[in-house]
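What follows is target-v5.tsv (TSV, C-alpha atoms and all ligand atoms).
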chain	number	residue	atom	x	y	z
A	1	MET	CA	26.55	8.81	19.55
A	2	ARG	CA	27.62	5.23	20.08
A	3	GLN	CA	30.11	3.79	17.59
A	4	ARG	CA	30.04	0.49	15.73
A	5	THR	CA	32.74	-1.46	13.93
A	6	LEU	CA	31.95	-2.71	10.46
A	7	GLY	CA	34.18	-5.52	9.21
A	8	ARG	CA	37.68	-6.43	10.33
A	9	GLN	CA	39.61	-3.82	8.35
A	10	GLY	CA	39.18	-0.90	10.78
A	11	LEU	CA	35.97	0.85	9.71
A	12	VAL	CA	34.33	2.43	12.79
A	13	THR	CA	31.23	4.61	12.33
A	14	SER	CA	28.35	6.10	14.26
A	15	ALA	CA	25.68	3.54	15.19
A	16	VAL	CA	23.18	5.46	13.04
A	17	GLY	CA	24.32	6.78	9.66
A	18	TYR	CA	22.68	9.05	7.11
A	19	GLY	CA	21.42	8.13	3.62
A	20	SER	CA	21.30	10.99	1.13
A	21	MET	CA	19.45	9.38	-1.79
A	22	GLY	CA	16.15	11.15	-1.14
A	23	ILE	CA	17.75	14.57	-1.63
A	24	SER	CA	18.12	13.76	-5.34
A	25	MET	CA	15.77	10.91	-6.29
A	26	ALA	CA	13.12	8.32	-5.45
A	27	TYR	CA	10.81	10.31	-3.19
A	28	GLY	CA	9.78	13.29	-5.32
A	29	PRO	CA	11.74	16.49	-5.87
A	30	GLY	CA	14.22	17.36	-3.12
A	31	ASP	CA	15.63	20.67	-2.06
A	32	ASP	CA	19.44	20.84	-2.05
A	33	ALA	CA	19.66	23.48	0.70
A	34	GLU	CA	17.25	21.58	2.93
A	35	GLY	CA	19.18	18.36	2.29
A	36	ALA	CA	22.47	20.06	3.14
A	37	ALA	CA	20.94	21.36	6.39
A	38	ALA	CA	19.88	17.82	7.26
A	39	ILE	CA	23.43	16.55	6.66
A	40	ARG	CA	24.91	19.30	8.86
A	41	ARG	CA	22.42	18.49	11.64
A	42	ALA	CA	23.38	14.83	11.41
A	43	HIS	CA	27.03	15.76	11.85
A	44	GLU	CA	26.22	17.94	14.88
A	45	LEU	CA	24.41	14.98	16.43
A	46	GLY	CA	27.41	12.69	15.99
A	47	VAL	CA	26.69	10.95	12.69
A	48	THR	CA	29.96	10.14	10.93
A	49	HIS	CA	28.68	7.98	8.08
A	50	PHE	CA	27.22	9.59	4.94
A	51	ASP	CA	25.97	7.38	2.13
A	52	THR	CA	25.64	8.43	-1.51
A	53	ALA	CA	26.03	6.87	-4.99
A	54	GLU	CA	26.81	7.73	-8.58
A	55	LEU	CA	23.21	6.72	-9.36
A	56	TYR	CA	21.68	9.36	-7.10
A	57	GLY	CA	21.42	12.13	-9.66
A	58	TRP	CA	24.46	10.97	-11.67
A	59	GLY	CA	26.92	13.04	-9.67
A	60	GLU	CA	24.49	15.67	-8.36
A	61	ASN	CA	23.97	13.98	-5.00
A	62	GLU	CA	27.70	13.39	-4.58
A	63	LYS	CA	28.28	17.11	-5.16
A	64	ILE	CA	25.82	18.06	-2.41
A	65	VAL	CA	27.23	15.51	0.03
A	66	GLY	CA	30.85	16.40	-0.77
A	67	LYS	CA	30.33	20.14	-0.40
A	68	THR	CA	28.40	19.79	2.85
A	69	VAL	CA	30.63	17.21	4.49
A	70	ALA	CA	33.86	19.01	3.44
A	71	PRO	CA	34.18	21.16	6.59
A	72	PHE	CA	34.11	18.12	8.84
A	73	ARG	CA	35.25	15.34	6.44
A	74	ASP	CA	33.41	12.39	7.93
A	75	GLU	CA	33.12	8.99	6.33
A	76	ILE	CA	31.67	9.09	2.85
A	77	THR	CA	30.47	5.95	1.14
A	78	THR	CA	29.58	5.86	-2.55
A	79	LYS	CA	28.67	3.27	-5.16
A	80	PHE	CA	29.34	2.37	-8.78
A	81	GLY	CA	27.87	-0.16	-11.15
A	82	PHE	CA	24.55	1.01	-12.56
A	83	THR	CA	24.12	2.19	-16.14
A	84	ARG	CA	21.77	5.03	-17.04
A	85	ASP	CA	19.13	2.52	-18.19
A	86	TYR	CA	19.41	0.68	-14.83
A	87	GLY	CA	21.55	-2.12	-16.25
A	88	THR	CA	24.85	-3.08	-14.64
A	89	ASP	CA	28.45	-2.27	-15.60
A	90	SER	CA	31.25	-3.36	-13.29
A	91	ARG	CA	33.98	-3.71	-15.90
A	92	PRO	CA	37.28	-2.67	-14.30
A	93	GLY	CA	37.78	0.31	-16.64
A	94	HIS	CA	34.30	1.54	-15.84
A	95	ILE	CA	34.85	1.20	-12.07
A	96	ARG	CA	38.03	3.32	-12.30
A	97	GLU	CA	36.30	5.95	-14.43
A	98	VAL	CA	33.25	6.17	-12.13
A	99	LEU	CA	35.43	6.41	-9.03
A	100	ASP	CA	37.46	9.24	-10.54
A	101	ASN	CA	34.22	11.08	-11.32
A	102	SER	CA	32.95	10.42	-7.78
A	103	LEU	CA	36.16	11.78	-6.21
A	104	ARG	CA	35.84	14.90	-8.37
A	105	ASN	CA	32.14	15.33	-7.53
A	106	LEU	CA	32.79	14.81	-3.82
A	107	GLY	CA	35.91	17.00	-3.83
A	108	VAL	CA	37.95	14.39	-1.95
A	109	ASP	CA	41.04	12.30	-2.67
A	110	HIS	CA	39.53	9.08	-1.31
A	111	VAL	CA	36.22	7.57	-0.28
A	112	ASP	CA	35.82	5.48	2.84
A	113	VAL	CA	33.68	2.71	1.38
A	114	LEU	CA	33.33	2.02	-2.33
A	115	TYR	CA	30.36	-0.27	-2.96
A	116	GLN	CA	29.47	-2.26	-6.00
A	117	HIS	CA	25.82	-1.12	-6.19
A	118	ARG	CA	24.52	-4.29	-7.85
A	119	VAL	CA	26.32	-7.50	-8.81
A	120	ASP	CA	27.10	-7.54	-12.55
A	121	PRO	CA	26.34	-10.99	-13.99
A	122	ASP	CA	28.70	-10.31	-16.92
A	123	VAL	CA	31.83	-9.49	-14.89
A	124	PRO	CA	33.43	-12.08	-12.59
A	125	ILE	CA	33.36	-10.74	-9.04
A	126	GLU	CA	37.07	-11.62	-8.74
A	127	ASP	CA	37.79	-8.95	-11.39
A	128	VAL	CA	35.74	-6.42	-9.45
A	129	ALA	CA	37.44	-7.28	-6.14
A	130	GLY	CA	40.87	-7.17	-7.82
A	131	THR	CA	40.12	-3.69	-9.16
A	132	ILE	CA	39.02	-2.46	-5.75
A	133	LYS	CA	42.19	-3.95	-4.25
A	134	GLU	CA	44.28	-1.84	-6.65
A	135	LEU	CA	42.22	1.26	-5.79
A	136	ILE	CA	42.77	0.62	-2.08
A	137	GLU	CA	46.50	0.23	-2.69
A	138	ALA	CA	46.44	3.50	-4.64
A	139	GLY	CA	44.85	5.25	-1.62
A	140	LYS	CA	41.63	6.18	-3.45
A	141	VAL	CA	39.41	3.83	-1.43
A	142	LYS	CA	39.66	2.68	2.18
A	143	TYR	CA	37.14	-0.17	2.39
A	144	PHE	CA	35.32	-2.50	-0.02
A	145	GLY	CA	31.55	-2.88	0.08
A	146	LEU	CA	28.94	-4.92	-1.78
A	147	SER	CA	25.24	-4.21	-2.11
A	148	GLU	CA	22.47	-6.79	-2.66
A	149	ALA	CA	25.05	-9.55	-3.23
A	150	GLY	CA	24.41	-13.25	-2.58
A	151	PRO	CA	26.52	-15.59	-0.43
A	152	GLN	CA	28.66	-17.04	-3.23
A	153	THR	CA	29.53	-13.61	-4.59
A	154	ILE	CA	30.39	-12.42	-1.09
A	155	ARG	CA	32.71	-15.37	-0.47
A	156	ARG	CA	34.43	-15.11	-3.87
A	157	ALA	CA	34.93	-11.35	-3.54
A	158	HIS	CA	36.19	-11.66	0.03
A	159	ALA	CA	38.82	-14.20	-1.06
A	160	VAL	CA	40.41	-11.59	-3.36
A	161	GLN	CA	39.91	-8.40	-1.32
A	162	PRO	CA	38.34	-8.55	2.15
A	163	VAL	CA	34.86	-7.08	2.10
A	164	SER	CA	34.17	-4.74	5.04
A	165	VAL	CA	30.45	-4.25	4.59
A	166	LEU	CA	27.36	-5.54	2.82
A	167	GLN	CA	24.58	-3.01	2.25
A	168	THR	CA	21.10	-4.41	1.57
A	169	GLU	CA	17.52	-3.48	2.41
A	170	TYR	CA	16.63	-4.39	6.00
A	171	SER	CA	13.82	-3.22	8.25
A	172	LEU	CA	10.82	-4.38	10.23
A	173	PHE	CA	9.18	-4.80	6.82
A	174	GLU	CA	12.08	-6.63	5.14
A	175	GLY	CA	13.96	-9.47	6.83
A	176	ASP	CA	15.15	-11.68	3.95
A	177	VAL	CA	18.77	-10.62	4.33
A	178	GLU	CA	18.92	-12.24	7.77
A	179	LYS	CA	19.62	-15.43	5.76
A	180	LEU	CA	23.03	-13.94	4.97
A	181	PHE	CA	23.96	-12.87	8.50
A	182	GLY	CA	25.64	-16.25	9.16
A	183	VAL	CA	28.02	-15.83	6.20
A	184	LEU	CA	28.70	-12.20	7.12
A	185	ARG	CA	29.54	-13.11	10.71
A	186	GLU	CA	31.67	-16.08	9.67
A	187	LEU	CA	33.73	-13.81	7.41
A	188	GLY	CA	33.67	-10.81	9.76
A	189	ILE	CA	31.77	-8.51	7.40
A	190	GLY	CA	29.64	-5.68	8.78
A	191	PHE	CA	26.13	-4.88	7.61
A	192	VAL	CA	24.54	-1.57	6.59
A	193	ALA	CA	20.72	-1.57	6.53
A	194	TYR	CA	19.29	0.54	3.72
A	195	SER	CA	15.68	1.78	3.60
A	196	PRO	CA	15.58	1.02	7.35
A	197	LEU	CA	12.32	2.96	7.70
A	198	GLY	CA	10.64	0.94	4.95
A	199	ARG	CA	10.95	3.96	2.60
A	200	GLY	CA	9.09	6.04	5.18
A	201	PHE	CA	6.19	3.67	5.84
A	202	LEU	CA	7.58	2.86	9.30
A	203	THR	CA	7.32	6.50	10.37
A	204	GLY	CA	3.53	6.82	10.46
A	205	THR	CA	3.47	9.22	7.49
A	206	ALA	CA	2.48	6.81	4.70
A	207	LYS	CA	-0.18	7.96	2.24
A	208	PRO	CA	-1.97	5.69	-0.24
A	209	ALA	CA	-0.30	5.13	-3.65
A	210	GLY	CA	-1.20	7.91	-6.04
A	211	GLN	CA	-1.10	10.61	-3.39
A	212	TYR	CA	2.66	11.23	-3.67
A	213	GLU	CA	4.41	13.50	-6.18
A	214	ALA	CA	4.47	11.96	-9.67
A	215	THR	CA	8.20	11.05	-9.48
A	216	ASP	CA	7.87	9.33	-6.08
A	217	MET	CA	8.53	5.58	-6.44
A	218	ARG	CA	6.08	4.81	-3.65
A	219	ASN	CA	3.14	5.38	-6.02
A	220	ALA	CA	4.13	2.04	-7.59
A	221	ASP	CA	5.65	0.28	-4.56
A	222	PRO	CA	3.74	-2.95	-3.79
A	223	ARG	CA	3.54	-2.10	-0.09
A	224	TRP	CA	1.52	1.00	-0.88
A	225	GLN	CA	-1.01	-0.75	-3.13
A	226	PRO	CA	-4.58	-1.39	-1.97
A	227	GLY	CA	-4.75	-4.61	0.02
A	228	ASN	CA	-1.21	-4.35	1.32
A	229	PHE	CA	-1.42	-0.70	2.32
A	230	GLU	CA	-4.17	-1.16	4.91
A	231	LYS	CA	-2.42	-4.14	6.55
A	232	ASN	CA	0.87	-2.27	6.72
A	233	LEU	CA	-0.90	0.76	8.14
A	234	ASP	CA	-2.50	-1.37	10.84
A	235	ALA	CA	0.89	-2.86	11.83
A	236	VAL	CA	2.46	0.61	12.01
A	237	ALA	CA	-0.42	1.80	14.22
A	238	GLN	CA	0.32	-1.05	16.66
A	239	LEU	CA	4.05	-0.31	16.56
A	240	THR	CA	3.32	3.38	17.19
A	241	GLU	CA	1.42	2.45	20.34
A	242	LEU	CA	4.30	0.31	21.56
A	243	ALA	CA	6.77	3.12	20.79
A	244	ALA	CA	4.63	5.66	22.67
A	245	SER	CA	4.71	3.44	25.77
A	246	LYS	CA	8.49	3.98	25.69
A	247	ASP	CA	8.26	7.73	24.98
A	248	ALA	CA	9.59	7.09	21.50
A	249	THR	CA	8.31	7.54	17.96
A	250	VAL	CA	7.64	4.64	15.65
A	251	ALA	CA	10.62	5.68	13.47
A	252	GLN	CA	12.86	5.45	16.54
A	253	LEU	CA	11.41	2.05	17.43
A	254	ALA	CA	12.02	0.78	13.87
A	255	LEU	CA	15.66	1.91	13.94
A	256	ALA	CA	16.26	0.67	17.50
A	257	TRP	CA	14.95	-2.74	16.40
A	258	ILE	CA	17.62	-2.86	13.68
A	259	LEU	CA	20.32	-1.81	16.15
A	260	ALA	CA	19.17	-4.60	18.48
A	261	GLN	CA	19.84	-7.25	15.82
A	262	GLY	CA	23.61	-7.06	16.25
A	263	GLU	CA	26.56	-4.81	17.10
A	264	ASP	CA	27.75	-5.26	13.51
A	265	ILE	CA	24.72	-3.50	11.96
A	266	VAL	CA	24.33	0.20	11.11
A	267	PRO	CA	21.09	1.65	9.66
A	268	ILE	CA	21.31	4.62	7.29
A	269	PRO	CA	17.89	6.32	7.42
A	270	GLY	CA	17.30	8.97	4.78
A	271	THR	CA	15.53	12.25	5.35
A	272	ARG	CA	15.65	15.71	3.87
A	273	SER	CA	14.58	17.27	7.17
A	274	ALA	CA	16.96	18.38	9.92
A	275	GLU	CA	14.22	17.82	12.50
A	276	ARG	CA	13.69	14.26	11.38
A	277	VAL	CA	17.44	13.65	11.50
A	278	GLU	CA	17.24	14.55	15.17
A	279	GLU	CA	14.37	12.11	15.67
A	280	ASN	CA	16.13	9.32	13.78
A	281	THR	CA	19.50	9.66	15.50
A	282	GLY	CA	17.64	9.56	18.84
A	283	ALA	CA	17.07	5.86	18.12
A	284	ALA	CA	20.66	5.19	19.19
A	285	ASP	CA	19.58	5.95	22.77
A	286	LEU	CA	16.47	3.75	22.73
A	287	THR	CA	16.95	0.34	24.29
A	288	LEU	CA	14.44	-2.39	23.51
A	289	THR	CA	13.85	-5.12	26.07
A	290	SER	CA	13.30	-8.74	25.13
A	291	ALA	CA	9.59	-8.15	25.89
A	292	ASP	CA	9.58	-5.24	23.39
A	293	LEU	CA	11.26	-7.41	20.77
A	294	GLU	CA	8.73	-10.17	21.39
A	295	ALA	CA	5.82	-7.69	21.06
A	296	ILE	CA	7.28	-6.42	17.77
A	297	ALA	CA	7.61	-9.99	16.47
A	298	GLN	CA	3.92	-10.57	17.29
A	299	ILE	CA	2.91	-7.48	15.33
A	300	LEU	CA	5.00	-8.26	12.24
A	301	PRO	CA	5.94	-11.95	12.37
A	302	THR	CA	6.99	-12.10	8.69
A	303	GLY	CA	7.69	-8.49	7.76
A	304	GLY	CA	5.56	-6.05	5.79
A	305	PHE	CA	2.84	-6.90	3.29
A	306	GLY	CA	3.88	-6.70	-0.37
A	307	ALA	CA	7.25	-7.04	-2.10
A	308	ARG	CA	9.96	-4.44	-1.49
A	309	TYR	CA	10.28	-3.45	-5.15
A	310	VAL	CA	8.18	-3.76	-8.29
A	311	ASP	CA	9.12	-6.98	-10.12
A	312	HIS	CA	11.58	-5.62	-12.69
A	313	ALA	CA	13.60	-3.76	-10.03
A	314	LEU	CA	13.72	-6.58	-7.46
A	315	PRO	CA	17.41	-7.41	-6.91
A	316	THR	CA	18.41	-11.05	-7.38
A	317	TRP	CA	21.16	-12.22	-5.07
A	318	ILE	CA	23.76	-13.84	-7.26
B	1	LIG	N1	22.25	0.10	-1.84
B	1	LIG	C1	21.08	0.35	-2.39
B	1	LIG	O1	20.71	-0.23	-3.40
B	1	LIG	C2	20.16	1.37	-1.73
B	1	LIG	C3	18.80	1.41	-2.08
B	1	LIG	C4	17.99	2.33	-1.42
B	1	LIG	C5	18.52	3.19	-0.47
B	1	LIG	N2	19.86	3.13	-0.17
B	1	LIG	C6	20.45	4.02	0.84
B	1	LIG	O2	19.72	3.93	2.05
B	1	LIG	C7	19.30	5.23	2.47
B	1	LIG	C8	18.00	5.16	3.22
B	1	LIG	O3	16.99	4.50	2.49
B	1	LIG	P1	15.71	5.23	1.91
B	1	LIG	O4	15.95	6.69	1.85
B	1	LIG	O5	15.34	4.50	0.68
B	1	LIG	O6	14.55	4.85	2.92
B	1	LIG	P2	14.23	5.11	4.46
B	1	LIG	O7	15.40	5.67	5.16
B	1	LIG	O8	13.64	3.84	4.94
B	1	LIG	O9	13.05	6.16	4.36
B	1	LIG	C9	13.19	7.40	3.75
B	1	LIG	C10	11.82	8.08	3.71
B	1	LIG	O10	11.33	8.22	5.04
B	1	LIG	C11	11.02	9.58	5.33
B	1	LIG	N3	11.47	9.80	6.72
B	1	LIG	C12	12.72	9.61	7.24
B	1	LIG	N4	12.75	9.85	8.56
B	1	LIG	C13	11.48	10.20	8.90
B	1	LIG	C14	10.86	10.55	10.13
B	1	LIG	N5	11.54	10.58	11.25
B	1	LIG	N6	9.53	10.87	10.11
B	1	LIG	C15	8.82	10.83	8.96
B	1	LIG	N7	9.36	10.49	7.76
B	1	LIG	C16	10.67	10.18	7.73
B	1	LIG	C17	11.80	10.39	4.33
B	1	LIG	O11	11.09	11.56	4.00
B	1	LIG	P3	11.68	13.05	4.21
B	1	LIG	O12	12.93	13.14	3.40
B	1	LIG	O13	10.59	13.90	3.68
B	1	LIG	O14	11.90	13.18	5.68
B	1	LIG	C18	11.87	9.46	3.12
B	1	LIG	O15	10.71	9.63	2.33
B	1	LIG	C19	19.23	6.01	1.14
B	1	LIG	O16	19.23	7.40	1.35
B	1	LIG	C20	20.44	5.49	0.42
B	1	LIG	O17	21.61	6.16	0.90
B	1	LIG	C21	20.66	2.22	-0.77

Take the structure in the file and write it out as C-alpha cells.
Amino acid sequence: MRQRTLGRQGLVTSAVGYGSMGISMAYGPGDDAEGAAAIRRAHELGVTHFDTAELYGWGENEKIVGKTVAPFRDEITTKFGFTRDYGTDSRPGHIREVLDNSLRNLGVDHVDVLYQHRVDPDVPIEDVAGTIKELIEAGKVKYFGLSEAGPQTIRRAHAVQPVSVLQTEYSLFEGDVEKLFGVLRELGIGFVAYSPLGRGFLTGTAKPAGQYEATDMRNADPRWQPGNFEKNLDAVAQLTELAASKDATVAQLALAWILAQGEDIVPIPGTRSAERVEENTGAADLTLTSADLEAIAQILPTGGFGARYVDHALPTWI
C-alpha cells in the first residue's frame, strides 16, 4: 500500500484508511465480529489508519477498534466534541475527560490524531488548540485534527497548535470542501475525506429511501429521496461503465478519484465487510488518466443531487 504524508508534523499513513463508524451507527445494526474481521483484513492489506470517535456508540466503537487493532497497533484517530443530544462541548475540561475515556476504551496510552468532531461556537478555538497542545506535550496525543471547520477556525487553531489534518466529507458527490484546499495547502495541513463513497451510493448498491433498516440514516438522506435518487442512480450507472472499462468497480473509481486530487488526501471508506475492504483498498492501485478525470467531470459536473445531510444536521463551517 502506498503511503501519504498528512501535515508537516510527521504523520504518515496508508493512502487508503478505514472508517469504523458503520460498525456501531448510521447504517443500521452492525455486527461487532464482522466489523473486527473487516479491520483485520484492512491491516493485512496494508491499511495503517483506523478512524473512530467517541460519538460512534459512546465508547462501544472505540472498544471494538482498540481490541482489534491492539495486536498490530496501527494509527488510531478518534474525536471528541459532541454531546449526547448532538450539541457541541469542547470545553477544555470536557476534552480531557473524553480523551481519558477514549484511551481507556481503546486500551492505549496515546492516540495518533485527536480531532475536534465539530467546531463549538461557545468555546474559542484557541482554548481548544491550547488544550490539545498540552495533551500532545503530555504524550497522550500525537497530532491535532479538526473536522468540518471553516478557514478562520483552521487558521486560528493552527496559530496555537499546528493542525496536521482536516477531516470533512468529500467524494464525487460532495466537492464543497475543495474551497478550503488552498488554505490547507498554504498551511501544510493534510486532508482526510470522510464518507468518500457517498455513504455507499457510489458503490452501486443504493436502494430507495425507506428500503433500509429503520435506524439507517439513508432513509432520510436527501440524496436518497425521490427526484434526487434517480438522478444519482443514473450518474452511478455511467461511472460504473467507465470503471468497468478499466477493470475496476465503481467504488474503486470513486476512491481513486479522491486519491487523484492530491498527494495530501487520504480517504477513509467504511465497510463492515472484509471482502469490501479488499475491494476498497484496491483503489490505491487504480490510476486515472486525465481523460478518465475529464469523463468523470462530464458525468457529475457539480457533484451528487441533494444535500449531504438533512437540514438540522448540516455542518456550518465556522
Ligand atoms: N468527521 C465526521 O463528522 C464523519 C462523518 C461521517 C463519517 N466519518 C468517518 O468516515 C468513515 C467513512 O464514511 P461513511 O462510513 O459515512 O461512508 P462511506 O465510506 O462513504 O460509505 C459507507 C457505506 O458504504 C458501504 N460500502 C463500503 N464499501 C463498499 C463496497 N465496496 N461495496 C458496496 N458497499 C460498500 C458500507 O456498507 P457495508 O458496511 O455494508 O459494506 C456503508 O454502508 C466513517 O466510518 C467515519 O470513520 C466521519

Nearby residues (only C-alpha atoms) at most 12 Å from Ala297 in chain A, same-chain spacing under 3 positions excluded, as number ranges by chain: A: 172-173, 175, 235, 238-239, 242, 254, 257, 290-294, 300-304

Contacts with ligand LIG 1 (chain B) at most 6 Å, only C-alpha atoms and all ligand atoms counted, listed as a ChimeraX atom specification: /A:19-22,27,51-52,117,147,167-168,194-200,203,205,251,268-273,276,279-280

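Residue neighbourhood of Asp85 in chain A, excluding near-sequence residues (fewer than 3 positions): A:Leu55, A:Trp58, A:Gly81, A:Phe82, A:Thr88, A:Asp89, A:Ala313, at 12 Å, using only C-alpha atoms.
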
Contacts of Glu62 in chain A at 12 Å (only C-alpha atoms; same-chain gap of 5+ positions) as an MDAnalysis selection string: chainID A and resid 19:21 23:24 32 36 50:57 67:70 76:80 98:99 101:108 111

Take the residues from that selection and write them out as an mmCIF file, in the coordinates of the input, keeping C-alpha atoms.
data_model
loop_
_atom_site.group_PDB
_atom_site.id
_atom_site.type_symbol
_atom_site.label_atom_id
_atom_site.label_comp_id
_atom_site.auth_asym_id
_atom_site.auth_seq_id
_atom_site.Cartn_x
_atom_site.Cartn_y
_atom_site.Cartn_z
ATOM 1 C CA GLY A 19 21.420 8.130 3.620
ATOM 2 C CA SER A 20 21.300 10.990 1.130
ATOM 3 C CA MET A 21 19.450 9.380 -1.790
ATOM 4 C CA ILE A 23 17.750 14.570 -1.630
ATOM 5 C CA SER A 24 18.120 13.760 -5.340
ATOM 6 C CA ASP A 32 19.440 20.840 -2.050
ATOM 7 C CA ALA A 36 22.470 20.060 3.140
ATOM 8 C CA PHE A 50 27.220 9.590 4.940
ATOM 9 C CA ASP A 51 25.970 7.380 2.130
ATOM 10 C CA THR A 52 25.640 8.430 -1.510
ATOM 11 C CA ALA A 53 26.030 6.870 -4.990
ATOM 12 C CA GLU A 54 26.810 7.730 -8.580
ATOM 13 C CA LEU A 55 23.210 6.720 -9.360
ATOM 14 C CA TYR A 56 21.680 9.360 -7.100
ATOM 15 C CA GLY A 57 21.420 12.130 -9.660
ATOM 16 C CA LYS A 67 30.330 20.140 -0.400
ATOM 17 C CA THR A 68 28.400 19.790 2.850
ATOM 18 C CA VAL A 69 30.630 17.210 4.490
ATOM 19 C CA ALA A 70 33.860 19.010 3.440
ATOM 20 C CA ILE A 76 31.670 9.090 2.850
ATOM 21 C CA THR A 77 30.470 5.950 1.140
ATOM 22 C CA THR A 78 29.580 5.860 -2.550
ATOM 23 C CA LYS A 79 28.670 3.270 -5.160
ATOM 24 C CA PHE A 80 29.340 2.370 -8.780
ATOM 25 C CA VAL A 98 33.250 6.170 -12.130
ATOM 26 C CA LEU A 99 35.430 6.410 -9.030
ATOM 27 C CA ASN A 101 34.220 11.080 -11.320
ATOM 28 C CA SER A 102 32.950 10.420 -7.780
ATOM 29 C CA LEU A 103 36.160 11.780 -6.210
ATOM 30 C CA ARG A 104 35.840 14.900 -8.370
ATOM 31 C CA ASN A 105 32.140 15.330 -7.530
ATOM 32 C CA LEU A 106 32.790 14.810 -3.820
ATOM 33 C CA GLY A 107 35.910 17.000 -3.830
ATOM 34 C CA VAL A 108 37.950 14.390 -1.950
ATOM 35 C CA VAL A 111 36.220 7.570 -0.280
#

Proximity to Lys140 in chain A - best of A:Arg308, A:Arg96, A:Arg2, A:Lys207, all atoms listed in the file: A:Arg96

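Interatomic distance, CA of Asp221 in chain A against CA of Gln252 in chain A: 22.9 Å.
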
Within 12 Å of Glu134 in chain A using all atoms listed in the file, minus same-chain residues under 6 positions, as a PyMOL selection string: chain A and resi 92+95-96+127-128+140-144+160-161

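Among the candidate residues A:Thr131, A:Gly10, A:Pro151, A:Arg223, the one lying nearest to Gly190 in chain A is A:Gly10, with distances computed using only C-alpha atoms.
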